[in-house]
Structure formats: C-alpha cells, structure tokens
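What's in run-v7.txt: compact mmCIF, C-alpha atoms and all ligand atoms
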```
# COMPACT_ATOMS: atom_id res chain seq x y z
CA MET H 1 21.49 4.75 -16.96
CA SER H 2 19.34 3.53 -19.84
CA ARG H 3 18.83 5.58 -22.99
CA PHE H 4 15.18 6.03 -22.01
CA LEU H 5 15.57 8.16 -18.87
CA SER H 6 14.13 11.63 -19.30
CA ASP H 7 16.76 14.36 -19.58
CA ARG H 8 15.10 16.03 -16.60
CA PHE H 9 16.54 13.34 -14.33
CA SER H 10 19.80 12.43 -15.99
CA ASP H 11 22.06 14.37 -13.63
CA ILE H 12 20.15 13.90 -10.38
CA GLU H 13 22.34 12.66 -7.56
CA PRO H 14 19.94 10.50 -5.48
CA TYR H 15 19.95 10.56 -1.70
CA THR H 16 22.55 8.19 -0.24
CA PRO H 17 20.97 6.32 2.66
CA GLY H 18 23.23 5.09 5.47
CA GLU H 19 24.47 1.57 4.93
CA GLN H 20 22.04 -1.23 5.90
CA PRO H 21 24.42 -4.19 6.21
CA LYS H 22 23.26 -7.82 6.33
CA ASN H 23 25.94 -8.58 8.91
CA THR H 24 24.15 -8.47 12.26
CA ASN H 25 27.42 -8.61 14.23
CA LEU H 26 28.04 -4.96 13.50
CA VAL H 27 27.38 -2.34 16.13
CA LYS H 28 25.05 -0.30 13.98
CA LEU H 29 25.15 3.37 14.97
CA ASN H 30 24.82 4.91 11.51
CA THR H 31 21.15 5.59 10.71
CA ASN H 32 19.58 6.88 13.93
CA GLU H 33 17.29 3.91 14.47
CA SER H 34 16.19 2.90 17.93
CA PRO H 35 18.24 0.10 19.50
CA PHE H 36 15.07 -1.12 21.23
CA PRO H 37 12.38 -3.39 19.75
CA PRO H 38 8.89 -2.10 18.96
CA SER H 39 6.35 -1.97 21.80
CA GLU H 40 4.95 -5.35 22.91
CA ARG H 41 1.53 -3.95 21.95
CA VAL H 42 2.74 -3.63 18.34
CA ILE H 43 4.09 -7.16 18.30
CA ARG H 44 0.84 -8.59 19.75
CA ALA H 45 -1.35 -6.66 17.30
CA LEU H 46 0.55 -7.78 14.20
CA ASN H 47 -0.96 -11.22 14.56
CA ALA H 48 -1.95 -13.92 12.09
CA ALA H 49 -5.47 -12.52 11.74
CA GLU H 50 -4.17 -9.16 10.55
CA ILE H 51 -1.57 -10.77 8.29
CA SER H 52 -4.28 -12.93 6.70
CA ARG H 53 -6.07 -9.75 5.61
CA LEU H 54 -3.13 -8.65 3.44
CA ASN H 55 -5.12 -9.70 0.37
CA LEU H 56 -7.22 -6.55 0.93
CA TYR H 57 -6.05 -2.99 0.31
CA SER H 58 -5.30 -0.87 3.34
CA ASP H 59 -7.50 2.06 4.40
CA PRO H 60 -6.47 4.97 2.14
CA GLU H 61 -7.59 7.38 4.85
CA THR H 62 -5.52 5.57 7.53
CA LYS H 63 -8.26 6.48 10.04
CA GLU H 64 -7.22 4.14 12.86
CA VAL H 65 -3.68 5.44 13.22
CA ILE H 66 -4.75 9.06 12.71
CA ALA H 67 -7.36 8.75 15.49
CA ALA H 68 -4.71 7.42 17.88
CA ILE H 69 -2.21 10.19 17.02
CA ALA H 70 -4.92 12.85 17.34
CA GLU H 71 -5.78 11.56 20.80
CA VAL H 72 -2.19 11.45 22.03
CA LEU H 73 -1.09 14.80 20.52
CA ASN H 74 -4.36 16.55 21.28
CA VAL H 75 -5.08 17.69 17.73
CA LYS H 76 -8.04 17.01 15.41
CA PRO H 77 -7.92 14.04 13.02
CA ASP H 78 -8.32 16.38 10.03
CA GLN H 79 -5.08 18.10 11.08
CA ILE H 80 -3.04 14.93 10.38
CA MET H 81 -1.85 13.12 7.28
CA MET H 82 0.18 9.89 7.18
CA GLY H 83 3.19 9.32 4.94
CA ASN H 84 5.25 6.29 3.97
CA GLY H 85 8.01 7.53 6.26
CA SER H 86 8.29 11.26 6.86
CA ASP H 87 10.41 11.32 3.68
CA GLU H 88 7.16 10.96 1.76
CA ILE H 89 5.55 13.84 3.67
CA LEU H 90 8.58 15.98 2.83
CA ALA H 91 8.35 14.99 -0.84
CA PHE H 92 4.65 15.94 -0.96
CA ALA H 93 5.38 19.27 0.76
CA PHE H 94 8.21 20.23 -1.64
CA GLN H 95 5.98 19.25 -4.55
CA ALA H 96 2.83 20.96 -3.29
CA PHE H 97 4.15 24.24 -1.94
CA CYS H 98 7.27 25.06 -3.97
CA ASP H 99 7.74 26.06 -7.59
CA LYS H 100 9.83 28.49 -9.65
CA GLU H 101 8.09 31.50 -8.10
CA HIS H 102 8.26 29.97 -4.63
CA PRO H 103 11.69 28.31 -4.32
CA PRO H 104 12.36 26.73 -0.92
CA CYS H 105 15.09 27.74 1.47
CA PHE H 106 16.97 25.65 4.00
CA ALA H 107 20.35 25.36 5.72
CA ASP H 108 23.59 24.31 4.01
CA ILE H 109 24.07 21.62 6.65
CA THR H 110 20.76 19.83 7.24
CA TYR H 111 18.89 16.73 6.18
CA GLY H 112 20.48 15.62 2.90
CA PHE H 113 17.18 14.75 1.28
CA TYR H 114 16.02 18.38 0.96
CA PRO H 115 18.37 19.21 -1.95
CA VAL H 116 17.54 15.89 -3.61
CA PHE H 117 13.81 16.69 -3.59
CA CYS H 118 14.68 20.07 -5.10
CA ARG H 119 16.49 18.41 -8.01
CA LEU H 120 13.69 15.90 -8.48
CA PHE H 121 11.02 18.62 -8.61
CA GLY H 122 13.11 21.14 -10.57
CA LEU H 123 13.42 23.65 -7.72
CA ASN H 124 16.26 26.08 -7.23
CA PRO H 125 16.61 26.42 -3.44
CA GLU H 126 18.20 29.23 -1.48
CA ILE H 127 20.83 27.68 0.76
CA ILE H 128 21.37 29.46 4.06
CA PRO H 129 24.72 28.73 5.77
CA LEU H 130 24.74 27.73 9.42
CA LYS H 131 26.78 29.96 11.70
CA ASP H 132 30.41 29.00 12.39
CA ASP H 133 29.32 27.12 15.53
CA LEU H 134 26.90 25.10 13.36
CA THR H 135 23.81 26.73 14.89
CA ILE H 136 20.96 28.14 12.83
CA ASP H 137 20.62 31.92 13.07
CA PRO H 138 16.85 32.43 13.22
CA ALA H 139 17.32 36.00 11.90
CA ASP H 140 18.43 34.45 8.57
CA TYR H 141 14.92 33.03 8.15
CA CYS H 142 12.91 36.17 8.94
CA ASP H 143 10.94 37.83 6.11
CA LYS H 144 12.02 35.22 3.57
CA ASN H 145 8.68 35.16 1.82
CA LYS H 146 9.52 31.74 0.39
CA PRO H 147 8.83 28.22 1.74
CA ILE H 148 11.11 27.43 4.66
CA PHE H 149 12.27 23.96 5.67
CA ILE H 150 13.98 23.58 9.06
CA ALA H 151 14.90 20.35 10.83
CA ASN H 152 14.50 20.93 14.57
CA PRO H 153 16.59 19.37 16.08
CA ASN H 154 18.77 19.80 13.03
CA ALA H 155 20.51 16.83 11.45
CA PRO H 156 23.33 15.94 11.62
CA THR H 157 24.20 18.49 14.32
CA GLY H 158 21.48 17.69 16.89
CA LEU H 159 21.21 21.42 17.69
CA THR H 160 17.81 23.01 18.30
CA LEU H 161 15.88 26.23 17.92
CA SER H 162 13.59 27.25 20.78
CA ILE H 163 9.87 27.59 20.30
CA CYS H 164 10.26 31.40 20.62
CA GLU H 165 12.73 31.39 17.74
CA ILE H 166 10.36 29.30 15.61
CA LYS H 167 7.52 31.66 16.51
CA ASN H 168 9.64 34.60 15.34
CA ILE H 169 10.25 32.92 12.01
CA LEU H 170 6.51 32.21 11.66
CA ASP H 171 5.55 35.77 12.60
CA THR H 172 7.70 37.25 9.84
CA ASN H 173 6.62 34.72 7.17
CA ARG H 174 2.82 34.69 7.48
CA ASP H 175 2.23 34.16 3.76
CA THR H 176 4.48 31.23 3.05
CA ILE H 177 4.76 27.65 4.26
CA VAL H 178 7.12 26.98 7.17
CA LEU H 179 7.80 23.27 7.59
CA ILE H 180 9.43 22.15 10.83
CA ASP H 181 10.86 18.66 10.49
CA GLU H 182 10.64 17.19 13.99
CA ALA H 183 12.03 13.73 13.24
CA TYR H 184 14.13 13.93 16.44
CA VAL H 185 12.08 16.23 18.66
CA ASP H 186 11.07 13.56 21.20
CA PHE H 187 14.66 13.29 22.43
CA GLY H 188 14.68 16.76 23.98
CA GLY H 189 13.51 19.43 21.54
CA GLN H 190 10.46 21.68 21.86
CA SER H 191 7.65 20.80 19.47
CA ALA H 192 5.90 23.43 17.35
CA ILE H 193 2.66 21.39 17.29
CA PRO H 194 0.97 23.65 19.89
CA LEU H 195 1.34 26.50 17.36
CA ILE H 196 -0.66 24.91 14.55
CA ASN H 197 -3.96 26.59 15.46
CA GLU H 198 -2.22 29.96 15.62
CA TYR H 199 -0.34 29.81 12.28
CA ASP H 200 -2.13 28.54 9.17
CA ASN H 201 1.23 28.31 7.33
CA LEU H 202 2.92 25.86 9.74
CA ILE H 203 3.50 22.19 8.94
CA VAL H 204 5.10 19.94 11.53
CA CYS H 205 6.56 16.72 10.17
CA ARG H 206 7.06 13.72 12.47
CA THR H 207 8.26 10.13 12.16
CA PHE H 208 7.79 6.74 13.85
CA SER H 209 11.30 5.75 12.76
CA LYS H 210 13.25 7.08 15.76
CA SER H 211 11.44 7.54 19.08
CA ARG H 212 8.71 4.99 18.22
CA ASN H 213 11.12 2.19 17.29
CA LEU H 214 9.47 1.54 13.90
CA ALA H 215 11.95 2.56 11.18
CA GLY H 216 11.13 -0.58 9.20
CA ALA H 217 7.39 0.14 9.22
CA ARG H 218 7.94 3.35 7.18
CA LEU H 219 5.56 5.66 8.93
CA GLY H 220 5.59 9.42 9.26
CA PHE H 221 2.96 12.12 9.54
CA ALA H 222 2.26 15.81 9.05
CA VAL H 223 0.37 17.99 11.51
CA SER H 224 -1.05 21.25 10.17
CA ASN H 225 -4.35 23.04 9.69
CA SER H 226 -7.02 21.11 7.81
CA SER H 227 -6.63 23.07 4.52
CA VAL H 228 -2.90 22.38 4.29
CA ILE H 229 -3.60 18.74 5.14
CA GLU H 230 -6.14 18.71 2.31
CA ASP H 231 -3.41 19.97 -0.06
CA LEU H 232 -1.01 17.27 1.09
CA ASN H 233 -3.75 14.68 0.63
CA LYS H 234 -4.27 15.95 -2.90
CA MET H 235 -0.64 15.02 -3.59
CA LYS H 236 -1.02 11.62 -1.94
CA PHE H 237 -4.26 10.71 -3.69
CA SER H 238 -2.72 11.78 -7.01
CA PHE H 239 0.27 9.52 -6.45
CA ASN H 240 -0.37 6.53 -4.17
CA PRO H 241 -3.68 6.46 -2.25
CA TYR H 242 -2.77 3.27 -0.36
CA ASN H 243 0.58 4.66 0.76
CA ILE H 244 0.43 3.06 4.21
CA ASN H 245 0.15 -0.71 4.32
CA ARG H 246 -2.22 -2.57 6.66
CA LEU H 247 0.47 -3.75 9.08
CA SER H 248 2.01 -0.31 9.46
CA ILE H 249 -1.36 1.27 10.21
CA ILE H 250 -1.82 -1.16 13.12
CA ALA H 251 1.81 -0.87 14.24
CA GLY H 252 1.58 2.93 14.30
CA LYS H 253 -1.65 2.93 16.26
CA GLU H 254 -0.42 0.51 18.94
CA SER H 255 2.95 2.19 19.23
CA ILE H 256 1.61 5.71 19.74
CA LEU H 257 -0.85 4.49 22.37
CA ASP H 258 1.91 2.79 24.39
CA THR H 259 3.04 5.96 26.14
CA GLU H 260 4.72 4.10 28.97
CA TYR H 261 7.12 2.14 26.76
CA PHE H 262 7.79 5.23 24.64
CA GLU H 263 8.84 7.23 27.72
CA GLU H 264 10.97 4.36 29.01
CA CYS H 265 12.90 4.20 25.72
CA ILE H 266 13.37 8.00 25.59
CA ILE H 267 14.81 8.04 29.12
CA LYS H 268 17.29 5.31 28.22
CA ILE H 269 18.42 7.10 25.04
CA LYS H 270 18.94 10.34 26.97
CA GLU H 271 20.98 8.52 29.65
CA ASN H 272 23.08 6.76 27.04
CA ARG H 273 23.57 10.06 25.20
CA GLU H 274 24.81 11.74 28.36
CA TYR H 275 27.16 8.83 29.09
CA THR H 276 28.60 8.88 25.55
CA VAL H 277 29.02 12.67 25.46
CA ASN H 278 30.78 12.64 28.87
CA GLU H 279 33.14 9.82 27.92
CA LEU H 280 34.03 11.27 24.51
CA THR H 281 34.46 14.77 25.95
CA LYS H 282 36.96 13.36 28.48
CA ARG H 283 38.87 12.08 25.45
CA GLY H 284 39.06 15.54 23.85
CA PHE H 285 36.13 15.28 21.42
CA SER H 286 34.08 18.43 20.74
CA ILE H 287 30.37 17.76 20.58
CA PRO H 288 27.61 20.35 20.02
CA GLU H 289 24.77 19.97 22.53
CA SER H 290 22.52 17.32 21.00
CA LYS H 291 18.81 17.01 21.69
CA ALA H 292 18.52 14.11 19.26
CA ASN H 293 19.18 10.36 19.35
CA PHE H 294 22.60 10.96 17.82
CA ILE H 295 25.60 13.13 18.54
CA PHE H 296 27.86 14.96 16.13
CA ALA H 297 31.36 14.43 17.39
CA LYS H 298 34.68 15.90 16.31
CA PRO H 299 37.53 13.65 17.45
CA CYS H 300 40.80 14.97 18.81
CA GLY H 301 44.13 13.87 17.33
CA ILE H 302 42.59 11.97 14.43
CA THR H 303 40.55 13.10 11.42
CA GLY H 304 36.86 12.35 11.11
CA THR H 305 37.50 10.12 8.10
CA GLU H 306 40.21 8.13 9.91
CA PHE H 307 38.07 7.71 13.01
CA TYR H 308 35.13 6.51 10.90
CA LYS H 309 37.37 4.01 9.06
CA LYS H 310 39.04 2.69 12.22
CA LEU H 311 35.66 2.19 13.89
CA ARG H 312 34.48 0.35 10.80
CA GLU H 313 37.50 -1.99 11.03
CA LYS H 314 36.29 -2.79 14.54
CA ASN H 315 32.78 -3.55 13.25
CA ILE H 316 31.29 -0.31 14.51
CA LEU H 317 29.32 1.62 11.94
CA VAL H 318 28.82 5.38 12.34
CA ARG H 319 28.08 8.03 9.68
CA HIS H 320 30.67 10.29 8.11
CA PHE H 321 29.81 13.03 5.60
CA ASP H 322 32.41 14.09 3.06
CA THR H 323 31.15 17.68 2.96
CA GLU H 324 33.95 20.24 3.49
CA ARG H 325 32.40 22.02 6.48
CA ILE H 326 31.68 18.88 8.48
CA LYS H 327 34.27 16.38 7.33
CA ASP H 328 36.01 16.54 10.72
CA TYR H 329 32.93 15.12 12.44
CA VAL H 330 31.21 11.75 12.68
CA ARG H 331 27.56 11.30 13.50
CA ILE H 332 27.03 8.62 16.11
CA THR H 333 23.58 7.18 16.77
CA ILE H 334 22.81 6.64 20.44
CA GLY H 335 22.28 2.91 20.89
CA SER H 336 21.97 0.69 23.95
CA TYR H 337 24.31 1.21 26.91
CA GLU H 338 26.31 -1.87 25.88
CA GLN H 339 26.70 -0.57 22.33
CA MET H 340 27.93 2.79 23.61
CA GLN H 341 30.41 1.07 25.95
CA THR H 342 31.71 -0.91 22.97
CA LEU H 343 32.13 2.38 21.07
CA ILE H 344 34.06 3.98 23.95
CA ASN H 345 36.34 0.96 24.35
CA ALA H 346 37.01 0.93 20.62
CA THR H 347 37.75 4.67 20.72
CA ASP H 348 40.35 4.06 23.44
CA GLU H 349 42.03 1.41 21.32
CA ILE H 350 42.02 3.71 18.27
CA LEU H 351 43.46 6.64 20.25
CA GLY H 352 46.01 4.32 21.90
CA ARG H 353 44.81 5.01 25.45
N1 LIG L 1 13.91 14.12 8.59
C1 LIG L 1 15.14 14.00 9.10
C2 LIG L 1 15.81 15.22 9.67
C3 LIG L 1 15.78 12.75 9.12
O1 LIG L 1 17.03 12.64 9.59
C4 LIG L 1 15.11 11.63 8.59
C5 LIG L 1 15.75 10.26 8.65
N2 LIG L 1 16.70 9.98 7.74
C6 LIG L 1 13.84 11.82 8.05
C7 LIG L 1 13.26 13.07 8.08
C8 LIG L 1 13.10 10.71 7.38
O2 LIG L 1 12.73 9.69 8.22
P1 LIG L 1 11.66 8.61 7.84
O3 LIG L 1 11.40 8.70 6.36
O4 LIG L 1 12.22 7.32 8.27
O5 LIG L 1 10.42 8.99 8.61
```

Full structure transcribed into structure tokens:
Amino acid sequence: MSRFLSDRFSDIEPYTPGEQPKNTNLVKLNTNESPFPPSERVIRALNAAEISRLNLYSDPETKEVIAAIAEVLNVKPDQIMMGNGSDEILAFAFQAFCDKEHPPCFADITYGFYPVFCRLFGLNPEIIPLKDDLTIDPADYCDKNKPIFIANPNAPTGLTLSICEIKNILDTNRDTIVLIDEAYVDFGGQSAIPLINEYDNLIVCRTFSKSRNLAGARLGFAVSNSSVIEDLNKMKFSFNPYNINRLSIIAGKESILDTEYFEECIIKIKENREYTVNELTKRGFSIPESKANFIFAKPCGITGTEFYKKLREKNILVRHFDTERIKDYVRITIGSYEQMQTLINATDEILGR
C-alpha cells in the first residue's frame, strides 16, 4: 500500500478471483467458465474489418447487443443495460440503490463479491445465514424493507429458489430493490425475467460468462423496468460511458442469436453434471442438488482442503473456500465429459480405490 491511499480503502479486502493459470495443461474446473468455445457466429463476426475499427470508440448505448437480447428474451430494449461483466452491473446496483439508510441484505454463503462491494461503497450489510442444509429460507427475506441481493442459483451451492418463492419475496418488499443474480440460471433454474413488468422493484442480472461461453469478453446485463435501467445508466454514464468494447458488443450479439449452439452446450453441461454427481455420489460424496454449471461437493474420508490439494497435485484445479461453514466442500466446475472423467479417475487414485 502506498502512503497516498485514502483511509476509506485502507482495510478493504478485495475480491479474490479464482486462479487463472498460464499453464494450459491443467484441467481447469475452478471458475465456472464454459469448456466449449464461443459460437462459430461469434468467431466469424470478430473479423479483420471489425478489428480495424478499434481506433473508434464503441457505441456507449450498446444498441446492437441490446436489440438482440431484447428479441431473444422478449423484453423491450429500454429494459436492458449492459455491463462489463455482470460484476459491473452488481457494482452499479450496490452503488445506486444502497446507502446508510438502505443497507443491503444477502446470505452468509453467496457470491463473494457482494461483501466486497459493501466495503468499497461504505455499506453495512445485513447478513442472513443459510439454513443448515445450505438452502435459502425465503421467509428470511420477507418484509425486509431494505435492498435484497440473491444469487439464484446460489453460488457456490448451486441451490435454487422457485419462482413462487421469489414472487413471495417481491410481494413483501414492494418498496425496495430486489436484485436476482441469475449468472447460472440457464443451467436449470427458473428465471424471474417474466416478472419484470409486474414488479417495478425487480432487477435481474445476467452474464455471458457461463452459458454463452464468453467469460473473456466481459459481458453482463441487467433486465428491469425502464426507470431502474435509467438509474443504472446514470451510474454507468457517470463512470465509464464506453464500458463495453466494440468486439464484445459484436460477440454478445452473435452469441445470443445462436440459440441452437447455446442449447447444445447447455444439454452437454447438464449431462456432464449428472455423470459427475452420480460418480461422486457412488464414492460417498454429498452434493446438494445443483442447477448450475458447477457442483458443491463434500468428499468422504478426506477433508475438503486435502481433496483440493491432492487434485491440484494431479493438475486438476477446483475451488476451495476457507470459510468455516463450507470448508469441507469443494466447488467443481462442470467441464467437458473428458475433463470430468479425468476428475473421477483422479478422485479414485486419491481415495485409493
Ligand atoms: N454473479 C455470480 C453469482 C457469479 O458467480 C459471478 C462469477 N464469478 C458473477 C456474478 C460475475 O460474473 P461476470 O462478471 O463474469 O459476468
């Protein structure tokens, strides 16, 4: 730390992203990326002509990608805003809708960036513990009267709330923002997007990083009513108007329009998830029912930390969190079938089977 950093930030503990190793021989199952390449349409569209236009700023209104999303999700373009990853959407939402009088609330075990945003923006969140089985109790979120942030499916558990449960939370919190972070919803969750015309306080946050195979493009978006989108745009245009670069605008547009490839990839991830859950369950692991592109697995006969380390020695990278409540688990991204077979074989060697 230099002597110039403002005192406001001196004791912030930044978000720790999963490792992004240079070594491409690793089986990388640690950051919930897609194992599949972007759509062919994306690759074709990112051609020399587009690259040669990088001397010009991108469209600050990101109209092309918004029009494509609006068409596919059946919402109006003014109900969408693009972010540099959904992380940026989340940052704008914490900044725009929370303050000392309106502190946010969220689960004790959820996306690790929420508490970091709170520190960054000087917010004092209410932390709501998950139940013993790691599920969210929707009753805990009724009548909160403060901004609510819920990842659905939740991370790192992969567990979901039903649309009825979300509706209940919305019904009892009409006068405060409810943000549903749907980073993983395409892998089996129920989306709250159909509710946006019914609830003017709902924001749904989505990403291209998982089900659209574009983590490196840094593209996320918010869906809400047009006034909330206007507020989020106020944050964006007061911070970084050209937040989405030219190539990502094109990549996002082509990827969302390629429904066929999207569905093909989702089917494969679900099959590979089922295979991995079955094989690990046979080996005594406990795994909450995941609707995401990862599973949260508690090994049998070995600690979570040991299992993580032993996998690492075998060049397989998964995620382990040192938090007391979940230290017995590892989070395993669902990769290709071959990658999951490699994981199972390695598990057998580690368990001495
Ligand atoms: N929400 C959740 C629940 C996540 O796990 C992640 C990925 N780390 C994000 C949001 C952010 O994803 P991105 O910024 O890549 O869109």

What is the CA of Val27 (chain H) to atom O5 of ligand LIG 1 (chain L) distance in Å?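 Taking CA of Val27 (chain H) as the start and atom O5 of ligand LIG 1 (chain L) as the end point, the length is 21.7 Å.
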
Can you work out which one of H:Asn23, H:Ser34, H:Thr276, H:Ser286 has the shortest atom-to-atom distance to ligand LIG 1 (chain L), counting all atoms listed in the file?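 Closest to ligand LIG 1 (chain L) of all the choices is H:Ser34.
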
In Å, rounded to a single decimal, give me how far CA of Ser290 (chain H) is from CA of Lys270 (chain H).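 Separation between CA of Lys270 (chain H) and CA of Ser290 (chain H): 9.9 Å.
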
Could the residues that lie within 8 Å of ligand LIG 1 (chain L), counting all atoms listed in the file, be listed as number ranges by chain? H: 17, 31-32, 84-88, 90, 110-111, 151-156, 181-184, 205-210, 215, 218-220

Considering only C-alpha atoms, can you say which of H:Ala217, H:Val330, H:Leu134, H:Leu257 comes closest to Lys309 (chain H)?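 Among the listed residues, H:Val330 lies closest to Lys309 (chain H).
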
Provide the CA of Asp175 (chain H) to CA of Glu61 (chain H) distance in Å, to one decimal place. 28.5 Å

Residue contacts of region 139-143 of chain H (7 Å, only C-alpha atoms) excluding same-chain residues fewer than 4 positions away, as a PDB file with C-alpha atoms, in the frame of the given file:
```
ATOM      1  CA  ILE H 169      10.250  32.920  12.010  1.00  0.00           C
ATOM      2  CA  THR H 172       7.700  37.250   9.840  1.00  0.00           C
ATOM      3  CA  ASN H 173       6.620  34.720   7.170  1.00  0.00           C
TER       4      ASN H 173
END
```

Hey, what's within 7 Å of Arg41 (chain H) if we count all atoms listed in the file and toss same-chain stuff fewer than 4 positions away? As a CSV table (one decimal) with C-alpha atoms, in the coordinates of the input, please?
```
chain,number,residue,atom,x,y,z
H,45,ALA,CA,-1.4,-6.7,17.3
H,254,GLU,CA,-0.4,0.5,18.9
H,255,SER,CA,3.0,2.2,19.2
```

Near-Leu170 (chain H) list (12 Å; all atoms listed in the file; drop same-chain fewer than 5 positions) as an MDAnalysis selection string: chainID H and resid 138:139 141:150 163:165 175:180 192 195:196 198:203

Write out as a ChimeraX atom specification which residues come within 9 Å of region 338-349 of chain H when counting only C-alpha atoms, dropping same-chain ones fewer than 3 positions away. /H:27-29,35,272-273,275-276,279-280,283,307,310-311,314,316,334-335,352-353

I'd like the contact shell of Pro125 (chain H) - 7 Å cut-off, all atoms listed in the file, skipping same-chain residues fewer than 4 positions apart - returned as a PDB file with C-alpha atoms, in the frame of the given file.
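Produced file out-v8.pdb, reproduced below:
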```pdb
ATOM      1  CA  PRO H 103      11.690  28.310  -4.320  1.00  0.00           C
ATOM      2  CA  PRO H 104      12.360  26.730  -0.920  1.00  0.00           C
ATOM      3  CA  CYS H 105      15.090  27.740   1.470  1.00  0.00           C
ATOM      4  CA  CYS H 118      14.680  20.070  -5.100  1.00  0.00           C
TER       5      CYS H 118
END
```

Using all atoms listed in the file, the shortest atom-to-atom distance to Gly252 (chain H) among H:Glu71, H:Glu64, H:Asp59, H:Glu50 belongs to H:Glu64

Residue nearest Thr160 (chain H) among H:Val116, H:Ile136, H:Leu5, H:Ile249 (counting all atoms listed in the file):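 Smallest distance to Thr160 (chain H) is found for H:Ile136.
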
Nearest candidate to Asn124 (chain H) (options H:Glu101, H:Ile244, H:Asn233, H:Ala251; using only C-alpha atoms):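 Closest to Asn124 (chain H) of all the choices is H:Glu101.
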
Residue nearest Asn168 (chain H) among H:Asp137, H:Asp78, H:Asn240, H:His320 (counting only C-alpha atoms):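 Counting only C-alpha atoms, the residue closest to Asn168 (chain H) is H:Asp137.
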
Box centre and edge lengths (Å, one decimal), axis-aligned, region 33-42 of chain H plus 6 Å each side, as JSON:
```
{"center_x": 9.9, "center_y": -0.7, "center_z": 18.7, "size_x": 28.7, "size_y": 21.3, "size_z": 20.4}
```
